[in-house]
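Novice: To start, I am sharing the structure in question, which I have written as structure tokens.
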Amino acid sequence: MARAKPDIAQLEARIGHAFSDPVLLRAALTHVSASTQRPESYERLEFLGDRVLGLAVSHMLYVTFPDRSEGELSRRLAALVRKETCAEVAESWGVGPFLRLGEGEAQTGGRKKRAILGDVCEAIIGAVFLDAGAEAAEAVVRAAFVEKMHAAAPDLRDAKTALQEWAQARRLAPPRYLLVTRGGPDHAPSFEIAVEVEGFAPAVGAGGSKRAAEQTAAAAFMAREGVDSHKGTG
């Protein structure tokens, strides 16, 4: 018995936008491994969506926190637009079953890879922008990111240093950073890095460079373990 195809209307409802041009959503859900031509994949939409997301979140922060400094707004922005956060949003939308992946990518768990999910979140935002304009895209971003926006802003300025000091204070070996996946085109790569600390489960972060991914992995570890990044204690 054939498995029923997932209902795209349910995905649109979770995103908060019904597409006038369904081709845009299809492209946003298409990994390069499943496309015969590069423009058919989500890469270009991801490029656009990354910029739309940054502007929409910046606007939200500016309006919501009128008395906060530029430095704090920048840290909140960095926390909200990082790939790890975007991947969480994509998971909340339930995009996994709708992804179009090549056979190899599908067999290696592509539907759950944080780097792919983060890219798809941005691609969907870019698709909404093209389908209905900036106001519709900002509405989607606001609905998806508002709860995260009100959460405490992690200090991402140097999470690696804070984590290393925390480990040293407990006489643990220095944290180890391991490359999990590398994806994306050469001009816009994406990296997924795992950080390992003796006696603890690894934490994973994603970013456009190894350094950025290591920082987000360190921040994810500290957030999970309740480490105060200012004091290096938990």
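Ordered as shown in the structure tokens, chains take letters A, B, and onward, while each chain numbers its residues from 1 and ligands are numbered from 1 in the order shown.
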Near A:Ser58, counting only C-alpha atoms, which residues have an atom at most 10 Å away, once you skip same-chain residues fewer than 4 positions from it, shown as a PDB file with N, CA and C atoms, in the first residue's frame?

Specialist:
```pdb
ATOM      1  N   VAL A  52      16.307  38.804   3.884  1.00  0.00           N
ATOM      2  CA  VAL A  52      14.959  39.188   4.317  1.00  0.00           C
ATOM      3  C   VAL A  52      14.786  38.916   5.811  1.00  0.00           C
ATOM      4  N   LEU A  53      15.264  37.753   6.247  1.00  0.00           N
ATOM      5  CA  LEU A  53      15.181  37.397   7.664  1.00  0.00           C
ATOM      6  C   LEU A  53      15.932  38.406   8.521  1.00  0.00           C
ATOM      7  N   GLY A  54      17.146  38.758   8.114  1.00  0.00           N
ATOM      8  CA  GLY A  54      17.931  39.714   8.890  1.00  0.00           C
ATOM      9  C   GLY A  54      17.230  41.048   9.030  1.00  0.00           C
ATOM     10  N   TYR A  62      14.197  46.305  16.919  1.00  0.00           N
ATOM     11  CA  TYR A  62      14.221  47.764  17.057  1.00  0.00           C
ATOM     12  C   TYR A  62      12.927  48.281  17.677  1.00  0.00           C
ATOM     13  N   VAL A  63      11.802  47.728  17.237  1.00  0.00           N
ATOM     14  CA  VAL A  63      10.500  48.166  17.739  1.00  0.00           C
ATOM     15  C   VAL A  63      10.222  47.613  19.137  1.00  0.00           C
ATOM     16  N   THR A  64      10.603  46.377  19.383  1.00  0.00           N
ATOM     17  CA  THR A  64      10.266  45.703  20.640  1.00  0.00           C
ATOM     18  C   THR A  64      11.125  46.163  21.811  1.00  0.00           C
ATOM     19  N   LEU A  73      21.169  44.611  20.844  1.00  0.00           N
ATOM     20  CA  LEU A  73      20.346  44.285  19.681  1.00  0.00           C
ATOM     21  C   LEU A  73      21.120  43.416  18.690  1.00  0.00           C
ATOM     22  N   SER A  74      22.397  43.718  18.525  1.00  0.00           N
ATOM     23  CA  SER A  74      23.224  42.928  17.611  1.00  0.00           C
ATOM     24  C   SER A  74      23.381  41.493  18.102  1.00  0.00           C
ATOM     25  N   ARG A  76      21.276  39.855  20.069  1.00  0.00           N
ATOM     26  CA  ARG A  76      19.982  39.187  19.894  1.00  0.00           C
ATOM     27  C   ARG A  76      19.771  38.814  18.428  1.00  0.00           C
ATOM     28  N   LEU A  77      20.142  39.714  17.537  1.00  0.00           N
ATOM     29  CA  LEU A  77      20.008  39.429  16.107  1.00  0.00           C
ATOM     30  C   LEU A  77      20.832  38.202  15.725  1.00  0.00           C
ATOM     31  N   ALA A  78      22.085  38.161  16.188  1.00  0.00           N
ATOM     32  CA  ALA A  78      22.956  37.028  15.866  1.00  0.00           C
ATOM     33  C   ALA A  78      22.373  35.721  16.365  1.00  0.00           C
ATOM     34  N   LEU A  80      19.200  35.023  16.817  1.00  0.00           N
ATOM     35  CA  LEU A  80      17.955  34.674  16.136  1.00  0.00           C
ATOM     36  C   LEU A  80      18.164  34.218  14.700  1.00  0.00           C
ATOM     37  N   VAL A  81      19.143  34.759  14.009  1.00  0.00           N
ATOM     38  CA  VAL A  81      19.288  34.438  12.586  1.00  0.00           C
ATOM     39  C   VAL A  81      20.305  33.322  12.334  1.00  0.00           C
TER      40      VAL A  81
END
```

Novice: Leaving out A:Met60 and any residue of its chain fewer than 6 positions from it, which residues lie within 10 Å of it when counting only C-alpha atoms, given as a ChimeraX atom specification?

Specialist: /A:54,77,138,141-142,145-146,149

Novice: Give me the residues of stretch 25-108 of chain A that have any atom at most 10 Å from an atom of stretch 129-136 of chain A; for each, the nearest atom pair and the distance in Å, rounded to one decimal. Use only C-alpha atoms, sort by chain and number, and format it as a Markdown table.

Specialist:
```
| residue | atom | partner | partner_atom | distance |
| --- | --- | --- | --- | --- |
| A:Leu25 | CA | A:Asp131 | CA | 9.1 |
| A:Leu45 | CA | A:Leu130 | CA | 9.1 |
| A:Leu48 | CA | A:Phe129 | CA | 8.7 |
| A:Gly49 | CA | A:Phe129 | CA | 7.8 |
| A:Val52 | CA | A:Phe129 | CA | 7.6 |
| A:Leu53 | CA | A:Phe129 | CA | 9.9 |
| A:Leu55 | CA | A:Ala134 | CA | 9.7 |
| A:Ala56 | CA | A:Ala134 | CA | 8.5 |
```

Novice: Only N, CA and C atoms, please: the residues just picked out, written as a PDB file, in the first residue's frame.

Specialist:
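Result file is result_26.pdb:
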```
ATOM      1  N   LEU A  25       7.442  27.546  -3.473  1.00  0.00           N
ATOM      2  CA  LEU A  25       7.562  26.681  -2.301  1.00  0.00           C
ATOM      3  C   LEU A  25       8.265  25.383  -2.664  1.00  0.00           C
ATOM      4  N   LEU A  45      17.083  31.009  -3.315  1.00  0.00           N
ATOM      5  CA  LEU A  45      16.068  31.476  -2.376  1.00  0.00           C
ATOM      6  C   LEU A  45      16.648  31.625  -0.970  1.00  0.00           C
ATOM      7  N   LEU A  48      18.435  34.940  -0.751  1.00  0.00           N
ATOM      8  CA  LEU A  48      17.479  36.041  -0.574  1.00  0.00           C
ATOM      9  C   LEU A  48      16.862  36.003   0.817  1.00  0.00           C
ATOM     10  N   GLY A  49      16.432  34.823   1.235  1.00  0.00           N
ATOM     11  CA  GLY A  49      15.758  34.700   2.527  1.00  0.00           C
ATOM     12  C   GLY A  49      16.625  35.091   3.700  1.00  0.00           C
ATOM     13  N   VAL A  52      16.307  38.804   3.884  1.00  0.00           N
ATOM     14  CA  VAL A  52      14.959  39.188   4.317  1.00  0.00           C
ATOM     15  C   VAL A  52      14.786  38.916   5.811  1.00  0.00           C
ATOM     16  N   LEU A  53      15.264  37.753   6.247  1.00  0.00           N
ATOM     17  CA  LEU A  53      15.181  37.397   7.664  1.00  0.00           C
ATOM     18  C   LEU A  53      15.932  38.406   8.521  1.00  0.00           C
ATOM     19  N   LEU A  55      16.639  41.542   7.944  1.00  0.00           N
ATOM     20  CA  LEU A  55      15.938  42.824   7.993  1.00  0.00           C
ATOM     21  C   LEU A  55      14.686  42.732   8.857  1.00  0.00           C
ATOM     22  N   ALA A  56      13.915  41.653   8.694  1.00  0.00           N
ATOM     23  CA  ALA A  56      12.679  41.502   9.459  1.00  0.00           C
ATOM     24  C   ALA A  56      12.959  41.397  10.959  1.00  0.00           C
TER      25      ALA A  56
END
```

Novice: Which residues of stretch 182-231 of chain A come within 7 Å of stretch 172-176 of chain A, and for each one, what is the closest pair of atoms and their distance in Å to one decimal, counting only C-alpha atoms, sorted by chain and residue number, as a tab-separated table?

Specialist:
```
residue	atom	partner	partner_atom	distance
A:Val195	CA	A:Arg176	CA	5.5
A:Glu196	CA	A:Arg176	CA	5.1
A:Val197	CA	A:Pro175	CA	4.9
A:Glu198	CA	A:Leu172	CA	6.4
```

Novice: Pick out the residues sitting within 12 Å of A:Ala90, and hand them over as a CSV table (one decimal) with N, CA and C atoms, in the first residue's frame; count only C-alpha atoms, and ignore anything fewer than 2 positions along from it in its own chain.

Specialist:
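And here is the file that came out, around.csv:
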```csv
chain,number,residue,atom,x,y,z
A,11,LEU,N,1.4,22.2,5.5
A,11,LEU,CA,2.7,23.0,5.7
A,11,LEU,C,2.5,24.5,5.6
A,14,ARG,N,1.1,25.9,8.7
A,14,ARG,CA,2.1,26.1,9.8
A,14,ARG,C,3.0,27.2,9.5
A,15,ILE,N,3.4,27.4,8.2
A,15,ILE,CA,4.2,28.6,7.9
A,15,ILE,C,3.5,29.9,8.1
A,28,ALA,N,11.9,26.0,-2.7
A,28,ALA,CA,12.4,26.2,-1.4
A,28,ALA,C,12.6,24.9,-0.7
A,29,LEU,N,11.9,23.9,-1.1
A,29,LEU,CA,12.0,22.6,-0.4
A,29,LEU,C,12.9,21.6,-1.2
A,83,LYS,N,22.0,29.6,12.0
A,83,LYS,CA,21.4,28.4,11.3
A,83,LYS,C,20.7,27.5,12.3
A,84,GLU,N,21.2,27.4,13.5
A,84,GLU,CA,20.6,26.5,14.5
A,84,GLU,C,19.2,27.0,14.9
A,85,THR,N,19.0,28.3,15.0
A,85,THR,CA,17.7,28.8,15.3
A,85,THR,C,16.8,28.6,14.1
A,86,CYS,N,17.3,28.9,12.9
A,86,CYS,CA,16.5,28.6,11.7
A,86,CYS,C,16.1,27.2,11.6
A,87,ALA,N,17.0,26.3,11.9
A,87,ALA,CA,16.7,24.9,11.9
A,87,ALA,C,15.5,24.5,12.8
A,88,GLU,N,15.5,25.1,14.0
A,88,GLU,CA,14.4,24.9,15.0
A,88,GLU,C,13.1,25.4,14.4
A,92,SER,N,9.7,23.2,13.6
A,92,SER,CA,8.4,23.6,14.1
A,92,SER,C,7.4,23.6,13.0
A,93,TRP,N,7.8,24.0,11.8
A,93,TRP,CA,7.0,24.0,10.6
A,93,TRP,C,6.7,22.5,10.1
A,94,GLY,N,7.6,21.6,10.5
A,94,GLY,CA,7.4,20.2,10.0
A,94,GLY,C,7.8,20.0,8.6
A,95,VAL,N,8.9,20.6,8.1
A,95,VAL,CA,9.2,20.6,6.7
A,95,VAL,C,9.8,19.2,6.3
A,96,GLY,N,10.3,18.5,7.2
A,96,GLY,CA,11.1,17.2,6.9
A,96,GLY,C,10.4,16.4,5.8
A,97,PRO,N,9.1,16.0,6.0
A,97,PRO,CA,8.5,15.1,5.0
A,97,PRO,C,8.3,15.7,3.6
A,98,PHE,N,8.4,17.0,3.6
A,98,PHE,CA,8.2,17.7,2.3
A,98,PHE,C,9.5,18.0,1.5
A,99,LEU,N,10.6,17.7,2.1
A,99,LEU,CA,11.9,18.0,1.5
A,99,LEU,C,12.1,17.1,0.2
A,111,ARG,N,16.7,14.7,6.0
A,111,ARG,CA,15.5,15.4,6.4
A,111,ARG,C,15.6,15.9,7.9
A,112,LYS,N,16.7,15.4,8.6
A,112,LYS,CA,16.8,15.9,9.9
A,112,LYS,C,18.1,16.6,10.1
A,113,LYS,N,18.9,16.9,9.1
A,113,LYS,CA,20.2,17.6,9.2
A,113,LYS,C,19.9,19.0,9.5
A,114,ARG,N,20.6,19.5,10.5
A,114,ARG,CA,20.3,20.9,11.0
A,114,ARG,C,20.8,21.9,9.9
A,115,ALA,N,21.8,21.6,9.2
A,115,ALA,CA,22.3,22.6,8.2
A,115,ALA,C,21.3,22.7,7.1
A,116,ILE,N,20.7,21.6,6.6
A,116,ILE,CA,19.7,21.6,5.6
A,116,ILE,C,18.4,22.3,6.1
A,117,LEU,N,18.0,22.0,7.3
A,117,LEU,CA,16.8,22.6,7.8
A,117,LEU,C,16.9,24.1,8.0
A,118,GLY,N,18.1,24.5,8.4
A,118,GLY,CA,18.4,26.0,8.5
A,118,GLY,C,18.3,26.7,7.2
A,119,ASP,N,18.9,26.0,6.2
A,119,ASP,CA,18.9,26.6,4.8
A,119,ASP,C,17.4,26.7,4.3
A,120,VAL,N,16.6,25.6,4.5
A,120,VAL,CA,15.3,25.6,4.0
A,120,VAL,C,14.4,26.7,4.7
A,121,CYS,N,14.6,26.9,6.0
A,121,CYS,CA,13.9,28.0,6.6
A,121,CYS,C,14.1,29.3,5.9
A,122,GLU,N,15.4,29.6,5.7
A,122,GLU,CA,15.7,30.9,5.0
A,122,GLU,C,15.1,30.9,3.6
A,123,ALA,N,15.2,29.7,2.9
A,123,ALA,CA,14.6,29.7,1.5
A,123,ALA,C,13.1,29.9,1.5
A,124,ILE,N,12.4,29.3,2.5
A,124,ILE,CA,11.0,29.6,2.5
A,124,ILE,C,10.6,31.0,2.8
A,125,ILE,N,11.4,31.7,3.6
A,125,ILE,CA,11.2,33.1,3.9
A,125,ILE,C,11.4,33.9,2.6
A,141,VAL,N,8.0,35.7,9.5
A,141,VAL,CA,9.1,35.8,10.4
A,141,VAL,C,8.6,36.1,11.9
A,144,ALA,N,7.0,33.1,13.6
A,144,ALA,CA,8.0,32.0,13.8
A,144,ALA,C,9.0,32.4,14.9
A,145,PHE,N,9.4,33.6,15.0
A,145,PHE,CA,10.5,34.0,15.8
A,145,PHE,C,10.2,34.8,17.0
```

Novice: Which of stretch 15-201 of chain A end up as alpha helix (DSSP H) when DSSP is run on this backbone - answer as a count of residues only?

Specialist: 105

Novice: Could you pull out the strand (DSSP E) residues of stretch 17-213 of chain A from DSSP and send them as a list in words?

Specialist: Arg176, Tyr177, Leu178, Leu179, Val180, Thr181, Arg182, Gly183, Ser190, Phe191, Glu192, Ile193, Ala194, Val195, Glu196, Ala203, Val204, Gly205, Ala206 and Gly207 of chain A

Novice: Have a look at atom CA of A:Gly226 and atom CA of A:Glu70 and let me know their distance in Å, one decimal.

Specialist: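 That distance, rounded to one decimal, is 25.6 Å.
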
Novice: Considering only C-alpha atoms, state which residue in the set A:Asp186, A:Phe19, A:Arg100, A:Asp67 is at the smallest distance from A:Glu40.

Specialist: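 For A:Glu40, the nearest of the candidates is A:Arg100.
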
Novice: So, with only C-alpha atoms as the atoms that count, which of A:Met222, A:Lys148, A:His187, A:Arg182 lies closest to A:Lys160?

Specialist: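 Nearest to A:Lys160: A:Met222.
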
Novice: Calculated over only C-alpha atoms, which of the candidates A:Leu101, A:Ala159, A:Ile193, A:Ala206 has the smallest distance to A:Ala218?

Specialist: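 Among the listed residues, the smallest separation from A:Ala218 belongs to A:Ala159.
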
Novice: By how many Å are atom CA of A:Ala223 and atom CA of A:Gly199 apart?

Specialist: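 Answer for the atom CA of A:Ala223 to atom CA of A:Gly199 separation: 16.5 Å.
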
Novice: Nearest to A:Gly102: which of A:Ala188, A:Ala143, A:Ala34, A:Leu61 is it, counting only C-alpha atoms?

Specialist: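 Residue with the minimum atom-to-atom distance to A:Gly102: A:Ala34.
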
Novice: Find the distance between atom CA of A:Ala213 and atom CA of A:Gln168 and write it in Å to one decimal.

Specialist: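 It comes out at 21.6 Å.
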
Novice: So which one's closest to A:Gly205, A:Arg82, A:Pro189, A:Pro66, A:His31? Using only C-alpha atoms, please.

Specialist: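 Residue with the minimum atom-to-atom distance to A:Gly205: A:Arg82.
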